[in-house]
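**Q** Before anything else, here's the structure in question.
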There are 2 protein chains.
Amino acid sequence: MEDSAPRTGRSMFACLVGASQLLGVTSVVLTGVWMGHYHGGFAWDGSAREFNLHPLCMVLGLVFLHGDAILVYRVFRNEAKRNVKLLHGIIHLLALIISIIGFVAVFDFHRAAKIPDMYSLHSWCGMSTLVLFCIQWVMGLMFFLFPTASSWLRASYLPIHVFCGLVLLVMAVGSSLLGITEKLLFSIESSYSLFAPEGVLANILGILLVCFGVLLGYLITKEEYRRPPNPEEESLSVHFKTLTEGGSPTTP
Amino acid sequence: MEDSAPRTGRSMFACLVGASQLLGVTSVVLTGVWMGHYHGGFAWDGSAREFNLHPLCMVLGLVFLHGDAILVYRVFRNEAKRNVKLLHGIIHLLALIISIIGFVAVFDFHRAAKIPDMYSLHSWCGMSTLVLFCIQWVMGLMFFLFPTASSWLRASYLPIHVFCGLVLLVMAVGSSLLGITEKLLFSIESSYSLFAPEGVLANILGILLVCFGVLLGYLITKEEYRRPPNPEEESLSVHFKTLTEGGSPTTP
């Protein structure tokens, strides 16, 4: 498809990927500036500065790297599938490690400050996202990187894996927005309604995260940007199309 | 596709649609109970009871009816397309009217209570969702219900319309979750961390809305549940497939 795709289509794809990376990096930087400039920076000492690592790690790991781990299937859609799978798994693992550090940071801070855990909608959504993200990573590893399941089972699970990956990205963005709202109402409730600079900055961060999620969603779901099947995948595709009566396996 | 689909596939579809309706109706009822039982019910007098109409209208209009307006394309996928289009447009119009009433209610309450508007991330996301929802409805009307655009333009716009519809549903769910968090932190901040019943009820409402969104997303994007093209659509499909070099027009 790449060879026959018009030049404008390729340019558009490059522009959209570039824009998504700009949005992602800006979001991470803005989170760093927010926590660094308005909340005293970072430390690992149980203080509020340890809490500050939480939003930074979540935006970097569970949103930006998570999104990019999915995006590699579109950006490197003409490279050897085995290598792309490996890269997909490695970036996901990195995202998972950073996300877990972010979770430990907030639980550590809560313990030191004697703040109860897991009572808010943000924590419920965030914890669900992380747990499902772990399950998704382990399942992906078992099914696709070191395939222990049968070909039929793998092909059946693939569309679910792809759908869940996108749902988890959306949940990560949503949980981040809930976290931004919580943090602002805890720290600047009185001046938030007066359009305090910190509130405006954090709101802009929220909007950037939404734009990142929408752009990633577009790049991932657009048929034109999917990985073109190679001859082996093609025969597999026909096989499973027959098996599933009309359903065609999706290339992640 | 419907005729050849296995009985189990049809039963699964019916179960999932039933579950989505149960989730949607429960969410609306739970919002009513939350505002009715914990916040004094509803009125149209500029008081906090007028504000209470805001969450109810948004969950009913911008989430539940919006989702169902999209779902009719899957549920009635074997009915005449013109009728389904009409139903899709009418439910969307109803969703739009109810959402606008919800917006008027909160602005009215803010004016009476001298609370500034549009400063929070919830308001930024919610307003963006409503404005884009209006644009989406008008565009849909122009392109598909009273088609003034050429067939080529309509077929080009269709995948964008479908993608934007799903994005707007996700944004509506996300904005509702932000609203729930805001309302809880404004009204029960001190007892929220002690797992006050109101907080738990509102958190459950949030999780139900997420489940509704995920289930709708699954039903809408699953290839098997798409509307089977009729012979006319088939020829149009081939035509545009050639034009767009590999992209096939999506049936909404």
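To be explicit about the labels: the chains of the structure tokens are called A, B, and onward in the order shown, and within each one the residues are counted from 1, while ligands get numbers from 1 in the order they are shown.
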Against chain A, which residues of chain B fall within 8 Å? For each one I want the closest pair of atoms and the distance in Å (one decimal), counting only C-alpha atoms, rows by chain and increasing residue number, as JSON lines.
**A**
{"residue": "B:Met1", "atom": "CA", "partner": "A:Gly246", "partner_atom": "CA", "distance": 7.5}
{"residue": "B:Ser4", "atom": "CA", "partner": "A:Glu245", "partner_atom": "CA", "distance": 7.7}
{"residue": "B:Ala5", "atom": "CA", "partner": "A:Glu245", "partner_atom": "CA", "distance": 7.1}
{"residue": "B:Ile115", "atom": "CA", "partner": "A:Ser193", "partner_atom": "CA", "distance": 8.0}
{"residue": "B:Pro116", "atom": "CA", "partner": "A:Ser193", "partner_atom": "CA", "distance": 6.2}
{"residue": "B:Asp117", "atom": "CA", "partner": "A:Ser193", "partner_atom": "CA", "distance": 7.8}
{"residue": "B:Tyr119", "atom": "CA", "partner": "A:Ser193", "partner_atom": "CA", "distance": 5.5}
{"residue": "B:Ser120", "atom": "CA", "partner": "A:Asn203", "partner_atom": "CA", "distance": 7.0}
{"residue": "B:Leu121", "atom": "CA", "partner": "A:Asn203", "partner_atom": "CA", "distance": 5.1}
{"residue": "B:His122", "atom": "CA", "partner": "A:Thr181", "partner_atom": "CA", "distance": 7.8}
{"residue": "B:Trp124", "atom": "CA", "partner": "A:Asn203", "partner_atom": "CA", "distance": 7.8}
{"residue": "B:Cys125", "atom": "CA", "partner": "A:Ile207", "partner_atom": "CA", "distance": 7.5}
{"residue": "B:Phe163", "atom": "CA", "partner": "A:Tyr218", "partner_atom": "CA", "distance": 7.6}
{"residue": "B:Val167", "atom": "CA", "partner": "A:Val214", "partner_atom": "CA", "distance": 7.0}
{"residue": "B:Gly174", "atom": "CA", "partner": "A:Gly174", "partner_atom": "CA", "distance": 5.9}
{"residue": "B:Leu177", "atom": "CA", "partner": "A:Leu178", "partner_atom": "CA", "distance": 7.3}
{"residue": "B:Leu178", "atom": "CA", "partner": "A:Leu178", "partner_atom": "CA", "distance": 5.7}
{"residue": "B:Thr181", "atom": "CA", "partner": "A:Leu121", "partner_atom": "CA", "distance": 6.7}
{"residue": "B:Glu182", "atom": "CA", "partner": "A:Thr181", "partner_atom": "CA", "distance": 7.2}
{"residue": "B:Leu185", "atom": "CA", "partner": "A:Leu185", "partner_atom": "CA", "distance": 7.2}
{"residue": "B:Tyr192", "atom": "CA", "partner": "A:Tyr119", "partner_atom": "CA", "distance": 7.0}
{"residue": "B:Ser193", "atom": "CA", "partner": "A:Tyr119", "partner_atom": "CA", "distance": 5.5}
{"residue": "B:Leu194", "atom": "CA", "partner": "A:Tyr119", "partner_atom": "CA", "distance": 7.4}
{"residue": "B:Phe195", "atom": "CA", "partner": "A:Tyr119", "partner_atom": "CA", "distance": 6.0}
{"residue": "B:Gly199", "atom": "CA", "partner": "A:Ser120", "partner_atom": "CA", "distance": 7.7}
{"residue": "B:Val200", "atom": "CA", "partner": "A:Tyr119", "partner_atom": "CA", "distance": 7.8}
{"residue": "B:Asn203", "atom": "CA", "partner": "A:Leu121", "partner_atom": "CA", "distance": 5.1}
{"residue": "B:Gly206", "atom": "CA", "partner": "A:Leu121", "partner_atom": "CA", "distance": 7.0}
{"residue": "B:Ile207", "atom": "CA", "partner": "A:Cys125", "partner_atom": "CA", "distance": 7.5}
{"residue": "B:Val214", "atom": "CA", "partner": "A:Val167", "partner_atom": "CA", "distance": 7.0}
{"residue": "B:Tyr218", "atom": "CA", "partner": "A:Phe163", "partner_atom": "CA", "distance": 7.6}
{"residue": "B:Glu223", "atom": "CA", "partner": "A:Gly247", "partner_atom": "CA", "distance": 6.6}
{"residue": "B:Glu224", "atom": "CA", "partner": "A:Gly247", "partner_atom": "CA", "distance": 6.0}
{"residue": "B:Glu245", "atom": "CA", "partner": "A:Ala5", "partner_atom": "CA", "distance": 7.1}
{"residue": "B:Gly246", "atom": "CA", "partner": "A:Glu224", "partner_atom": "CA", "distance": 6.9}
{"residue": "B:Gly247", "atom": "CA", "partner": "A:Glu224", "partner_atom": "CA", "distance": 5.9}
**Q** Counting only C-alpha atoms, figure out which residue out of B:Phe212, B:Arg154, B:Gln136, B:Val29 gets nearest to Val63 in chain B.
**A**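 Closest to Val63 in chain B, using only C-alpha atoms: B:Phe212.
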**Q** What does the structure give for the distance between CA of Met35 in chain B and CA of Phe109 in chain B, in Å to one decimal?
**A**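 Result for CA of Met35 in chain B versus CA of Phe109 in chain B: 14.7 Å, one decimal.
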**Q** Just how far from CA of Pro228 in chain B is CA of Ile91 in chain B, in Å to one decimal?
**A** 22.2 Å
**Q** Tell me, as a ChimeraX atom specification, which residues lie within 8 Å of Leu216 in chain A, counting only C-alpha atoms; anything in the same chain fewer than 6 positions away does not count.
**A** /A:20,67,71
**Q** Save the residues we just selected, N, CA and C atoms, as a PDB file, in the first residue's frame?
**A**
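What follows is the written file again.pdb:
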ATOM      1  N   SER A  20       1.408  14.511  16.658  1.00  0.00           N
ATOM      2  CA  SER A  20       1.128  13.705  17.859  1.00  0.00           C
ATOM      3  C   SER A  20       2.340  13.713  18.798  1.00  0.00           C
ATOM      4  N   GLY A  67       0.900   5.417  24.142  1.00  0.00           N
ATOM      5  CA  GLY A  67       0.431   5.802  22.810  1.00  0.00           C
ATOM      6  C   GLY A  67       1.470   5.491  21.741  1.00  0.00           C
ATOM      7  N   LEU A  71       1.627   3.239  18.362  1.00  0.00           N
ATOM      8  CA  LEU A  71       1.898   3.937  17.096  1.00  0.00           C
ATOM      9  C   LEU A  71       3.007   3.275  16.263  1.00  0.00           C
TER      10      LEU A  71
END
**Q** Please report the interatomic distance between CA of Leu22 in chain B and CA of Ser187 in chain B in Å with one decimal.
**A** 28.3 Å
**Q** Identify all residues of range 58-161 of chain A in helix (DSSP H, G or I) (DSSP on the backbone) and supply them as a count of residues only.
**A** 87
**Q** Would you mind listing what lies within 8 Å of Ser27 in chain A as a ChimeraX atom specification, with only C-alpha atoms counted and same-chain residues fewer than 6 positions away left out?
**A** /A:59,205,208-209
**Q** Please produce a file of the residues just selected, as a PDB file, in the first residue's frame, where the atoms kept are C-alpha atoms.
**A**
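Output contents, as saved in out15.pdb:
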ATOM      1  CA  VAL A  59       1.629  11.373  31.605  1.00  0.00           C
ATOM      2  CA  LEU A 205      -2.349  20.392  29.639  1.00  0.00           C
ATOM      3  CA  LEU A 208      -3.367  18.788  24.915  1.00  0.00           C
ATOM      4  CA  LEU A 209      -3.816  15.291  26.350  1.00  0.00           C
TER       5      LEU A 209
END
**Q** Need the shell around range 74-78 of chain A: protein/DNA/RNA residues with any atom at most 9 Å away, counting only C-alpha atoms. Skip same-chain ones fewer than 3 positions apart. Format as a tab-separated table (two decimals) with C-alpha atoms, in the first residue's frame?
**A**
chain	number	residue	atom	x	y	z
A	2	GLU	CA	2.91	2.30	0.88
A	13	PHE	CA	0.69	10.71	7.77
A	14	ALA	CA	4.12	12.17	8.59
A	17	VAL	CA	2.63	11.60	13.51
A	70	ILE	CA	0.80	1.43	19.74
A	71	LEU	CA	1.90	3.94	17.10
A	81	LYS	CA	6.84	-7.69	11.96
A	84	VAL	CA	8.06	-4.12	15.38
A	219	LEU	CA	-3.79	7.33	13.28
A	220	ILE	CA	-4.42	3.90	14.80
A	225	TYR	CA	-2.34	3.60	7.81
A	226	ARG	CA	-2.67	-0.07	8.78
A	227	ARG	CA	0.17	-2.50	8.25
A	228	PRO	CA	-0.11	-4.03	4.77
A	252	PRO	CA	-2.32	-4.50	14.97
